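Q: Please see the structure below; I have some questions.
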Amino acid sequence: MKNQLDQIFYENYSYKPQYEFFAPGRVNLIGEHIDYNGGLVMPCAITMGTWLCIGKNDENVIRFRSLNFDEQAEIPAQSSFSKTASEWFNYPLGVINELQKAYDWQCGGLDLLYYGNIPIGSGLSSSASIEVVTAFALNKIYNLGLDKLNLVKLCKTVENNFIGVNSGIMDQFAVAFGEKDSAIVLNCNTLKHKIVACNLQEYSLAIINTNKHRTLADSKYNERVQECQKALQYLQREININNLCDLSAEKFALHQHLIVDETLLKRASHVVKENDRVISAAKLLAEGNLHSFGKLMYASHQSLKELYEVSGKELDTIVDFCVSYQHVIGARMTGAGFGGCAIALLEKGFEEDFATHLSEYYFSKVGYYATIYVEEIGDGPKVISGYEN
Ligand code: GLA
């Protein structure tokens, strides 16, 4: 499909696109539900992503089309836009709106055609991918002069203010800063990051889609964000911290009695220990100790299941299978949870065997099939044509 995007653009808009851009999706290796608590995460970009062909028109309308969705839109260029129901084009429309609001700029007539091969609503950040590819493209085409970090921040405001999900910054950051065969260790409080080599040796990164669709807007995501804020307020009655992740697990143990609500205590315990796990995981990855890294992935999953309660039957079925399958050394849910995808470190050469056995097991427990991909860690956004990179 992506090879025919030019041609399809022509068929839709009767002229050739002037530019083509790409932005990836992401997986998070470890550090889940940490970004909005000011801690460390370790995501990487994948090779699946979103392609955007784009051209300027002189009719002063903005047209949105996608090969993935039937809905299309034709909206007059204007100084501000509002979200319409829940169609896909709210993401790029939100980018235009937030760019106009934050920078002294007005979008002119544009024709846009998108194609993505990230499964939608699967926790691989198809929404961050479409936001970043749009912001990246507009920044180039209109010479807006934003650096990558500003693009990331802008895309986060789209999610928070236009779409209405109180998500953190991890997804947009991973999509924008991803580098091939590398993971990003991002401090979500300071926004400082390190690119670290992600040598998986004799293992591959398997992504297993539960095929349980969900959107963050209709999940309990915002509820978890609020619970963490409440837990923080309890702690702040006696200690001077800005984020849950300001505490190490040891310090947390000294103050956890301040959180008098049992559910909130579970949420905060996950956050603090998961943050510590990222510190250990980064060291283990640097040492090439993938077996211990894999154990931390399992521990992370357990905590997301029991303390944070964002897993579910489908994700647990996948991880349970991985525990029993001797050629996997670590697995966990990735992203927000409530469905979506799991990731696993799978010994090379066992891809088919794994897929066959996992599929049977999953079907027998869940009643429909999971989809299994073996993914490469890919690069961040790029120009495909129309500009020098
Ligand atoms: C979603 C959000 C991110 C992050 C993860 C959970 O992907 O968009 O900001 O909170 O969930 O780690």
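Residue names in the structure tokens use chain letters A, B, ... in the order shown, residue numbers from 1 in each chain, and ligand numbers from 1 in the order shown.
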Show me which residues sit within 7 Å of ligand 1 when counting only C-alpha atoms and all ligand atoms, and put them as a ChimeraX atom specification.

A: /A:31-36,123,125,167-171,335-336

Q: Quick one: residues within 8 Å of A:Val383, only C-alpha atoms counted, chain neighbours fewer than 6 positions away excluded, as JSON, numbers by chain?

A: {"A": [19, 20, 21, 22, 389]}

Q: I want to know what sits within 10 Å of A:Gln78, based on only C-alpha atoms, with residues of the same chain fewer than 3 positions away left out; could you give that as JSON, numbers by chain?

A: {"A": [60, 61, 62, 75, 81, 97, 100, 106, 107, 108, 109]}

Q: Just all heavy atoms for this one: save the residues we selected as a tab-separated table (two decimals), in the first residue's frame.

A:
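Listing of part-v1.tsv after writing:
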```tsv
chain	number	residue	atom	x	y	z
A	60	ASN	N	-8.03	26.97	0.02
A	60	ASN	CA	-8.23	27.28	1.43
A	60	ASN	C	-9.04	26.23	2.20
A	60	ASN	O	-9.74	26.54	3.16
A	60	ASN	CB	-8.88	28.66	1.59
A	60	ASN	CG	-8.30	29.39	2.78
A	60	ASN	OD1	-7.11	29.21	3.07
A	60	ASN	ND2	-9.11	30.16	3.48
A	61	VAL	N	-8.95	24.98	1.76
A	61	VAL	CA	-9.60	23.90	2.53
A	61	VAL	C	-8.53	22.89	2.92
A	61	VAL	O	-7.54	22.70	2.21
A	61	VAL	CB	-10.71	23.16	1.75
A	61	VAL	CG1	-11.92	24.03	1.56
A	61	VAL	CG2	-10.18	22.59	0.46
A	62	ILE	N	-8.80	22.22	4.04
A	62	ILE	CA	-7.90	21.16	4.49
A	62	ILE	C	-8.66	19.84	4.32
A	62	ILE	O	-9.75	19.68	4.88
A	62	ILE	CB	-7.47	21.38	5.95
A	62	ILE	CG1	-6.95	22.81	6.11
A	62	ILE	CG2	-6.40	20.38	6.35
A	62	ILE	CD1	-6.63	23.20	7.54
A	75	ILE	N	-12.38	20.54	5.53
A	75	ILE	CA	-12.66	21.57	6.53
A	75	ILE	C	-12.04	22.88	6.09
A	75	ILE	O	-10.85	22.92	5.75
A	75	ILE	CB	-12.07	21.14	7.91
A	75	ILE	CG1	-12.69	19.79	8.33
A	75	ILE	CG2	-12.29	22.20	8.98
A	75	ILE	CD1	-12.08	19.17	9.57
A	81	PHE	N	-9.99	25.12	15.49
A	81	PHE	CA	-10.83	23.96	15.15
A	81	PHE	C	-11.27	23.29	16.44
A	81	PHE	O	-10.60	23.38	17.46
A	81	PHE	CB	-10.02	22.95	14.33
A	81	PHE	CG	-9.46	23.51	13.06
A	81	PHE	CD1	-8.20	24.11	13.06
A	81	PHE	CD2	-10.18	23.45	11.88
A	81	PHE	CE1	-7.67	24.64	11.90
A	81	PHE	CE2	-9.65	23.98	10.70
A	81	PHE	CZ	-8.39	24.58	10.71
A	97	ASN	N	-4.52	22.64	14.94
A	97	ASN	CA	-5.10	23.58	15.91
A	97	ASN	C	-4.07	24.03	16.95
A	97	ASN	O	-3.93	25.23	17.22
A	97	ASN	CB	-6.28	22.90	16.61
A	97	ASN	CG	-7.06	23.85	17.46
A	97	ASN	OD1	-7.57	24.85	16.96
A	97	ASN	ND2	-7.13	23.58	18.75
A	100	GLN	N	-1.35	26.24	15.49
A	100	GLN	CA	-1.85	27.61	15.25
A	100	GLN	C	-1.93	28.39	16.55
A	100	GLN	O	-1.63	29.59	16.59
A	100	GLN	CB	-3.23	27.55	14.58
A	100	GLN	CG	-3.16	27.02	13.17
A	100	GLN	CD	-4.45	27.23	12.36
A	100	GLN	OE1	-4.43	27.18	11.14
A	100	GLN	NE2	-5.56	27.47	13.01
A	106	GLN	N	-0.86	30.34	10.54
A	106	GLN	CA	-2.20	29.92	10.09
A	106	GLN	C	-2.02	28.94	8.94
A	106	GLN	O	-1.32	29.23	7.96
A	106	GLN	CB	-3.00	31.16	9.67
A	106	GLN	CG	-4.21	30.88	8.81
A	106	GLN	CD	-5.51	30.79	9.62
A	106	GLN	OE1	-5.75	31.60	10.50
A	106	GLN	NE2	-6.33	29.79	9.30
A	107	CYS	N	-2.64	27.81	9.07
A	107	CYS	CA	-2.52	26.77	8.03
A	107	CYS	C	-3.34	27.19	6.80
A	107	CYS	O	-4.48	27.63	6.94
A	107	CYS	CB	-3.06	25.46	8.60
A	107	CYS	SG	-2.80	24.07	7.52
A	108	GLY	N	-2.75	27.03	5.64
A	108	GLY	CA	-3.48	27.31	4.40
A	108	GLY	C	-4.14	26.05	3.87
A	108	GLY	O	-4.26	25.05	4.59
A	109	GLY	N	-4.54	26.07	2.61
A	109	GLY	CA	-5.17	24.89	2.00
A	109	GLY	C	-4.18	23.74	1.89
A	109	GLY	O	-3.05	23.93	1.48
```

Q: So that I can see what lies close to A:Asn143, please list as a list of chain:residue names the residues with an atom at most 12 Å from it, counting only C-alpha atoms and leaving out residues fewer than 6 positions away in the same chain.

A: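 Neighbouring residues, sequence-local ones excluded: A:Tyr103, A:Trp105, A:Cys107, A:Ala135, A:Phe136, A:Ala137.
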
Q: Store the residues of this selection in a file with N, CA and C atoms, as a PDB file, in the first residue's frame.

A:
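Done, and the output landed in again17.pdb:
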```pdb
ATOM      1  N   TYR A 103       1.956  28.831  18.004  1.00  0.00           N
ATOM      2  CA  TYR A 103       2.929  29.563  17.173  1.00  0.00           C
ATOM      3  C   TYR A 103       2.121  30.492  16.279  1.00  0.00           C
ATOM      4  N   TRP A 105       0.927  31.242  13.483  1.00  0.00           N
ATOM      5  CA  TRP A 105       0.894  30.623  12.161  1.00  0.00           C
ATOM      6  C   TRP A 105      -0.530  30.253  11.805  1.00  0.00           C
ATOM      7  N   CYS A 107      -2.640  27.808   9.067  1.00  0.00           N
ATOM      8  CA  CYS A 107      -2.521  26.774   8.030  1.00  0.00           C
ATOM      9  C   CYS A 107      -3.337  27.194   6.802  1.00  0.00           C
ATOM     10  N   ALA A 135       2.906  16.815  12.528  1.00  0.00           N
ATOM     11  CA  ALA A 135       3.643  17.970  13.053  1.00  0.00           C
ATOM     12  C   ALA A 135       4.998  18.098  12.355  1.00  0.00           C
ATOM     13  N   PHE A 136       5.655  16.955  12.147  1.00  0.00           N
ATOM     14  CA  PHE A 136       6.963  16.938  11.481  1.00  0.00           C
ATOM     15  C   PHE A 136       6.819  17.518  10.060  1.00  0.00           C
ATOM     16  N   ALA A 137       5.772  17.084   9.363  1.00  0.00           N
ATOM     17  CA  ALA A 137       5.557  17.526   7.986  1.00  0.00           C
ATOM     18  C   ALA A 137       5.264  19.028   7.934  1.00  0.00           C
TER      19      ALA A 137
END
```

Q: Mind checking DSSP for stretch 109-235 of chain A and telling me the strand (DSSP E) residues as JSON, numbers by chain?

A: {"A": [110, 111, 112, 113, 114, 115, 116, 182, 183, 184, 185, 186, 187, 193, 194, 195, 196, 197, 203, 204, 205, 206, 207, 208, 209]}

Q: In terms of the shortest atom-to-atom distance over only C-alpha atoms, which of A:Asp147, A:Glu179, A:Glu223, A:Glu98 is closest to A:Phe162?

A: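 Closest to A:Phe162 of all the choices is A:Glu98.
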
Q: Could you work out how far atom CA of A:Ser79 lies from atom CA of A:Gly55, giving the answer in Å with one decimal?

A: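 For atom CA of A:Gly55 relative to atom CA of A:Ser79, the distance reads 19.9 Å.
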
Q: Could you check which of A:Leu315, A:Leu110, A:Val41, A:Ala355 is closest to A:Asp58, using only C-alpha atoms?

A: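 Ranking A:Leu315, A:Leu110, A:Val41, A:Ala355 by distance to A:Asp58, first place goes to A:Leu110.
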
Q: Determine the nearest neighbour of A:Leu264 from the options A:Gln7, A:Asn209, A:Asn289, A:Gln229, counting only C-alpha atoms.

A: A:Gln229

Q: Taking only C-alpha atoms into account, name the residue in A:Leu29, A:Lys194, A:Ile384, A:Lys251 that is nearest to A:Lys2.

A: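 Of the candidates, the smallest distance to A:Lys2 is held by A:Ile384.
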
Q: Using DSSP on the backbone, list every residue of stretch 14-186 of chain A that comes out as alpha helix (DSSP H), and give them as a ChimeraX atom specification.

A: /A:90-102,126-141,148-157,170-177

Q: Nearest residue to A:Leu247 out of A:Asn37, A:Asn211, A:Asn139, A:Thr356, using only C-alpha atoms?

A: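 Of A:Asn37, A:Asn211, A:Asn139, A:Thr356, the one nearest A:Leu247, counting only C-alpha atoms, is A:Asn37.
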
Q: In Å to one decimal, how far is atom CA of A:Leu52 from atom CA of A:Val132?

A: 10.6 Å

Q: Which is closer to A:Ile207 than all the others in A:Phe64, A:Tyr373, A:Tyr91, A:Tyr10, using only C-alpha atoms?

A: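 With only C-alpha atoms as the atom set, the closest residue is A:Tyr373.
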
Q: Between atom CA of A:Lys313 and atom CA of A:Ala183, what is the distance in Å, rounded to a tenth?

A: 28.5 Å

Q: So which residues touch A:Lys283 within 12 Å, counting only C-alpha atoms, skipping near sequence neighbours fewer than 6 positions away, as a VMD selection string?

A: chain A and resid 42 185 196 to 198 276 to 277 289 to 290 292 to 293 296

Q: Using only C-alpha atoms, determine which residues lie at most 8 Å from A:Arg214, disregarding the query and same-chain residues fewer than 6 positions distant; provide the list as a ChimeraX atom specification.

A: /A:121-122,338-340

Q: Please identify all polymer residues within 12 Å of A:Lys230, counting only C-alpha atoms, omitting same-chain residues fewer than 5 positions from it, and present them as a ChimeraX atom specification.

A: /A:37,223-225,235-237,243-244,258-265,267-268
